[in-house]
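This report concerns only the one structure given below.
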Amino acid sequence: MSGTPILSLNALTMRFGGLLAIDDLSFEAKRGDITALIGPNGAGKTTVFNCITGFYRPTSGSIRVTRDDGKVFALEKLPDFKIAQRVHVARTFQNIRLFAGMTALENLLVAQHNTLMRKSGYTVFGLFGTPGYRSAEREAIELARHWLAKTQLIERADDPAGSLPYGAQRRLEIARAMCTNPVLLCLDEPAAGLNPRESDELNTLLRSIKNETPASILLIEHDMNVVMEISDRVIVLDHGKKISEGTPAFVRNDQKVIAAYLGVEEDAVDQAEAEVRA
Amino acid sequence: MSAARPAFSSALAHALKDALIAGIVAFGLFILLLGFLTDDQRGPLRLLSRPVLLASAVGIVFAGRFIVSVIYHYAAALRYWLALIWSMVCGAAIKFKWPLLAIMLIFAVIRIYYAPQTWPLTAVAVATVFIAVRFGLSAAFLMLAVLFPVAFYDNPYFLGIAIIALTYIMLGWGLNIVVGLAGLLDLGYVAFYAVGAYSYAIIAQTYGWSFWVCLPLAGLFAAFFGILLGFPVLRLRGDYLAIVTLAFGEIVRIVLLNWVTFTNGPNGIGSIPRASFFGIPFTAGDDGFAARFGLEFDPTHRTVFLFYVILALALLTNWVTIRLRKLPVGRAWEALREDEIAVRSLGINPTNTKLTAFAIGAMFGGFAGAFFATRQGFISPDSFTFPESALILAIVVLGGMGSQLGVAIAAIVVTASFELFREFEQFRLVIFGFGMVVIMVWRPRGLVSTRDPTAYLKERKTISVEHVAEGRG
């Protein structure tokens with residue numbers, strides 16, 4: 001199945017009143033890949049994420065997820081929590097959204113709500129602590145322990161999420177998303193605010209997610225160190241339109257991308273480069 | 001202490017200046033209000049002066065401001081010394097706990113020797129202190145609750161207050177699910193109390209079913225109303241949610257008031273069947289409780305029975321809440337309080353989560369209402385007004401949102417203070433309000449403001465309040 005598209009956007013348009021945030025955007029993310037979505041500030045990257053995860057309902061266009069078992073889901077028709085519950089698309093947030101007053105472990109247990117809810121007989125068996133539910137809870141704690149260890153948070157497992165340092169909160173958010181057993185993991189600027197050592201560790205973590213779990217990754221990132229090093233494919237947005245797509249090396253040298261980032265017209269870049277060479 | 005603290009004389013001078021300003025302002029305000037009086041009773045209009053009244057009013061303001069100012073100036077030092085004294089007392093109490101307990105035991109023996117008729121009270125007091133020392137505060141509370149009728153069997157007034165306190169504990173615990181755990185501000189909780197009471201009264205009168213059959217039905221009806229309220233308010237948050245819940249409470253009360261054919265309107269429902277001991281009524285007759293068990297008839301039997309019924313109901317509420325907190329549904333409630341958007345992103349259905357919180361909270365309110373109806377024997381819409389909702393909410397906020405022990409303590413404090421200040425009549429609410437303000441200044445997040453985690457890997461650490469969200473609905 002590897003190499004087939006897991007996510008495909010077709011002519012996605014999102015309009016807020018008079019503002020055209022996404023304009024006829026189409027792209028695909030391949031199964032097992034890390035696909036990066038980059039672009040200058042205000043290009044519409046987070047809006048794309050909010051459409052994929054159902055927090056916004058797109059004005060028009062379609063978003064399809066094809067799972068490993070061949071099942072196809074039309075995300076634009078599902079409410080946000082059903083996208084996470086049925087399709088197993090997980091996400092993190094640009095400004096961290098943890099359950100600050102709950103411990104790191106509890107955060108990861110909340111993420112396993114749907115599994116535990118079924119195992120607790122929708123609370124009835126759980127209320128009386130039947131052996132079936134208790135073993136399900138032990139398994140849930142084991143899965144949480146696995147991801148806490150992966151994200152080097154095992155020492156802080158019993159501390160409230162709100163008391164963790166910034167980098168640890170970012171990692172915990174990824175761990176929480178992974179506890180939902182996602183097929184598609186959407187990361188909104190996971191490296192924002194991290195120091196170089198932490199962003200290297202993030203690269204290692206994302207690679208291991210790619211290699212060891214069924215999850216494909218879609219990420220928004222400004223940190224080019226992360227983008228260039230780990231992504232298999234990069235999609236560049238500007239003013240809600242796709243302006244370039246390809247391997248990191250290709251995108252890096254694309255005149256249109258450079259122009260968009262510098263905020264000038266395309267030929268101005270050629271001119272500037274010519275001047276530099278001269 | 002900090003070196004920056006000003007010298008005593010300068011602090012005094014500051015306070016004096018402060019008080020002087022307050023005095024001048026008070027003089028300016030009161031001179032026309034209190035200082036002069038026009039009198040046209042006898043003869044022509046005369047201007048009378050009341051210098052003594054004016055002077056005493058200004059004097060009170062001056063002195064009061066002076067004292068507040070001095071206390072405020074030395075607040076840090078005062079707090080330091082109080083904390084020091086408190087820690088020394090606690091330290092000494094813990095260090096010498098066995099000698100202290102022995103002394104207490106000796107006193108207890110002496111008291112029983114000289115006042116043998118009060119032995120149950122003394123014995124219960126001693127047992128409670130021992131349990132508190134050995135097993136902690138919660139165990140002592142439980143023990144005290146179970147043995148309360150033993151200690152105060154000959155004091156129906158105390159038993160009555162204890163029943164009221166337990167009713168409020170139960171209501172507080174029920175509302176705590178909605179407000180404390182799920183973070184949904186509900187100002188109309190008394191509606192579910194009313195639904196429970198009226199369901200019990202009407203079912204028991206119409207069909208003649210026993211209390212134990214009607215009780216679950218009353219809970220079910222209340223839960224149904226909880227869902228009914230839940231649906232329209234699903235999208236509302238914070239202030240808007242509070243206003244709609246407030247309106248819901250009023251709607252229920254007004255329907256009860258005006259649907260005369262069904263609820264008998266403002267006249268209420270009387271002679272509601274009393275709860276029986278598994279079919280044996282508490283009457284003086286031959287098939288009454290006393291006669292069946294070979295006891296002499298005593299109306300206190302019924303009171304004690306009611307006490308244990310409400311204790312059992314309250315403990316059921318507590319047990320269910322503690323269990324639910326550790327189940328996925330309870331964790332989802334707390335997560336909803338912390339961050340609803342994150343909850344959605346994890347595939348948790350926010351609608352179901354909110355509705356279960358409303359329904360389960362309402363169900364316990366309904367149980368309490370059914371109990372209220374069978375205890376009173378008479379209910380009318382007057383018992384289910386908005387101040388009642390506000391009182392239950394005050395108990396939850398005062399106790400510390402989400403804390404079971406805190407809510408129980410707050411309910412006891414509130415009921416006891418209402419009884420203590422009964423003789424002050426109309427000033428009762430003023431005193432109560434003042435007490436609330438003091439407690440909220442002293443402990444803005446309630447008496448018990450820490451959160452217990454529901455699961456742990458290595459050690460259970462309580463979570464301090466600054467991380468825990470209050471919920472925005």
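Identifiers for the structure tokens are assigned positionally: chains receive A, B, ... in sequence, residues are indexed from 1 per chain, and ligands are indexed from 1 in the order shown.
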Test item: chain B residues at most 10 Å from chain A, counting only C-alpha atoms, as a ChimeraX atom specification: /B:319-324,326-350,450-470
Who sits within 9 Å of Val448 of chain B, only C-alpha atoms, same chain under 2 positions skipped, as JSON, numbers by chain: {"B": [398, 399, 400, 401, 402, 403, 404, 405, 406, 407, 443, 445, 446, 450, 451]}
Could you save those same residues with all heavy atoms as a tab-separated table (two decimals), in the first residue's frame?
chain	number	residue	atom	x	y	z
B	398	LEU	N	-17.41	27.33	47.34
B	398	LEU	CA	-16.75	27.49	48.64
B	398	LEU	C	-15.89	26.28	48.96
B	398	LEU	O	-14.77	26.41	49.48
B	398	LEU	CB	-17.83	27.64	49.70
B	398	LEU	CG	-17.57	28.52	50.89
B	398	LEU	CD1	-17.34	29.93	50.42
B	398	LEU	CD2	-18.80	28.50	51.79
B	399	GLY	N	-16.38	25.11	48.66
B	399	GLY	CA	-15.66	23.88	49.00
B	399	GLY	C	-14.45	23.68	48.12
B	399	GLY	O	-13.51	22.99	48.51
B	400	GLY	N	-14.45	24.28	46.96
B	400	GLY	CA	-13.36	24.03	46.02
B	400	GLY	C	-13.90	23.15	44.93
B	400	GLY	O	-14.25	21.99	45.17
B	401	MET	N	-14.01	23.72	43.71
B	401	MET	CA	-14.69	23.00	42.65
B	401	MET	C	-13.99	21.68	42.35
B	401	MET	O	-12.79	21.66	42.12
B	401	MET	CB	-14.77	23.86	41.42
B	401	MET	CG	-15.70	25.03	41.63
B	401	MET	SD	-16.23	25.75	40.11
B	401	MET	CE	-14.86	26.77	39.74
B	402	GLY	N	-14.75	20.60	42.38
B	402	GLY	CA	-14.18	19.30	42.07
B	402	GLY	C	-13.76	18.50	43.28
B	402	GLY	O	-13.51	17.32	43.18
B	403	SER	N	-13.70	19.15	44.45
B	403	SER	CA	-13.22	18.42	45.63
B	403	SER	C	-14.38	17.89	46.45
B	403	SER	O	-15.25	18.64	46.89
B	403	SER	CB	-12.37	19.34	46.50
B	403	SER	OG	-12.31	18.84	47.81
B	404	GLN	N	-14.41	16.56	46.67
B	404	GLN	CA	-15.52	15.95	47.41
B	404	GLN	C	-15.48	16.37	48.88
B	404	GLN	O	-16.51	16.76	49.44
B	404	GLN	CB	-15.43	14.42	47.32
B	404	GLN	CG	-15.59	13.88	45.92
B	404	GLN	CD	-16.98	14.09	45.37
B	404	GLN	OE1	-17.23	15.03	44.62
B	404	GLN	NE2	-17.90	13.23	45.74
B	405	LEU	N	-14.31	16.30	49.50
B	405	LEU	CA	-14.19	16.65	50.92
B	405	LEU	C	-14.52	18.12	51.12
B	405	LEU	O	-15.25	18.49	52.05
B	405	LEU	CB	-12.78	16.32	51.42
B	405	LEU	CG	-12.54	16.55	52.90
B	405	LEU	CD1	-13.44	15.66	53.73
B	405	LEU	CD2	-11.09	16.31	53.26
B	406	GLY	N	-13.99	18.97	50.25
B	406	GLY	CA	-14.22	20.41	50.37
B	406	GLY	C	-15.70	20.74	50.32
B	406	GLY	O	-16.21	21.53	51.13
B	407	VAL	N	-16.43	20.11	49.38
B	407	VAL	CA	-17.86	20.38	49.24
B	407	VAL	C	-18.59	19.95	50.52
B	407	VAL	O	-19.48	20.66	51.00
B	407	VAL	CB	-18.42	19.67	48.00
B	407	VAL	CG1	-19.94	19.70	47.99
B	407	VAL	CG2	-17.88	20.31	46.74
B	443	ARG	N	-9.29	32.24	50.47
B	443	ARG	CA	-9.03	31.10	49.58
B	443	ARG	C	-9.86	31.23	48.32
B	443	ARG	O	-10.97	30.70	48.23
B	443	ARG	CB	-9.40	29.78	50.27
B	443	ARG	CG	-8.78	29.61	51.64
B	443	ARG	CD	-8.46	28.20	51.90
B	443	ARG	NE	-7.20	27.84	51.31
B	443	ARG	CZ	-6.53	26.74	51.62
B	443	ARG	NH1	-7.04	25.90	52.46
B	443	ARG	NH2	-5.37	26.49	51.06
B	445	ARG	N	-9.94	29.91	45.53
B	445	ARG	CA	-10.39	28.72	44.79
B	445	ARG	C	-11.06	27.70	45.69
B	445	ARG	O	-11.14	26.54	45.37
B	445	ARG	CB	-9.21	28.08	44.06
B	445	ARG	CG	-8.64	28.93	42.94
B	445	ARG	CD	-9.61	29.07	41.76
B	445	ARG	NE	-9.81	27.84	41.06
B	445	ARG	CZ	-9.10	27.45	40.00
B	445	ARG	NH1	-8.15	28.22	39.53
B	445	ARG	NH2	-9.34	26.31	39.42
B	446	GLY	N	-11.54	28.14	46.86
B	446	GLY	CA	-12.29	27.24	47.73
B	446	GLY	C	-11.43	26.62	48.82
B	446	GLY	O	-10.21	26.74	48.83
B	450	THR	N	-6.86	21.68	45.82
B	450	THR	CA	-5.94	20.85	45.05
B	450	THR	C	-6.74	19.78	44.31
B	450	THR	O	-7.87	19.47	44.67
B	450	THR	CB	-4.92	20.16	45.96
B	450	THR	OG1	-5.63	19.49	46.99
B	450	THR	CG2	-3.96	21.16	46.54
B	451	ARG	N	-6.12	19.22	43.28
B	451	ARG	CA	-6.79	18.20	42.50
B	451	ARG	C	-6.02	16.89	42.63
B	451	ARG	O	-4.80	16.89	42.53
B	451	ARG	CB	-6.84	18.63	41.03
B	451	ARG	CG	-7.51	17.62	40.15
B	451	ARG	CD	-7.52	18.02	38.70
B	451	ARG	NE	-8.00	16.89	37.96
B	451	ARG	CZ	-7.22	15.93	37.47
B	451	ARG	NH1	-5.93	16.02	37.57
B	451	ARG	NH2	-7.75	14.90	36.87
Residue set, segment 4-153 of chain A restricted to helix (DSSP H, G or I), as JSON, numbers by chain: {"A": [45, 46, 47, 48, 49, 50, 51, 52, 75, 76, 77, 80, 81, 82, 83, 84, 85, 86, 87, 104, 105, 106, 107, 108, 109, 110, 111, 113, 114, 115, 116, 117, 118, 119, 124, 125, 126, 127, 131, 132, 133, 134, 135, 136, 137, 138, 139, 140, 141, 142, 143, 144, 145, 146, 147, 148, 149, 150]}
Selection near segment 248-255 of chain A, 12 Å with only C-alpha atoms, sequence-local residues under 6 positions removed, as a ChimeraX atom specification: /A:34-39,224-237,242,261-273
Keeping C-alpha atoms for every residue in the selection just given, could you write it to a file as a CSV table (one decimal), in the first residue's frame?
chain,number,residue,atom,x,y,z
A,34,ILE,CA,6.3,12.9,5.9
A,35,THR,CA,4.6,15.7,3.9
A,36,ALA,CA,5.5,19.3,4.9
A,37,LEU,CA,3.2,22.2,4.3
A,38,ILE,CA,5.2,25.5,4.2
A,39,GLY,CA,4.6,29.0,3.3
A,224,MET,CA,13.6,24.8,7.7
A,225,ASN,CA,16.1,22.6,9.5
A,226,VAL,CA,13.2,20.3,10.4
A,227,VAL,CA,11.5,20.6,7.0
A,228,MET,CA,14.5,20.0,4.8
A,229,GLU,CA,15.9,17.2,6.9
A,230,ILE,CA,12.9,14.9,7.4
A,231,SER,CA,10.2,15.6,4.9
A,232,ASP,CA,9.8,13.4,1.8
A,233,ARG,CA,7.7,16.0,0.0
A,234,VAL,CA,7.1,19.7,0.5
A,235,ILE,CA,4.1,21.7,-0.6
A,236,VAL,CA,4.4,25.5,-0.6
A,237,LEU,CA,1.4,27.7,-0.1
A,242,LYS,CA,-0.1,26.1,-4.1
A,261,TYR,CA,9.2,34.2,1.1
A,262,LEU,CA,10.9,37.5,0.3
A,263,GLY,CA,7.6,39.1,-0.6
A,264,VAL,CA,8.7,40.2,-4.0
A,265,GLU,CA,7.8,39.4,-7.6
A,266,GLU,CA,9.5,36.5,-9.3
A,267,ASP,CA,11.7,38.4,-11.7
A,268,ALA,CA,13.0,40.6,-8.8
A,269,VAL,CA,14.7,37.5,-7.5
A,270,ASP,CA,16.4,36.8,-10.8
A,271,GLN,CA,17.5,40.4,-10.9
A,272,ALA,CA,18.8,40.3,-7.3
A,273,GLU,CA,20.7,37.0,-8.0
Atom pair atom CA of Val252 of chain B / atom CA of Ala191 of chain B: separation (Å): 5.9 Å
Nearby residues (only C-alpha atoms) at most 12 Å from Ile21 of chain B, same-chain spacing under 4 positions excluded, as a ChimeraX atom specification: /B:14-17,25-28,58,61-63,65-66,69
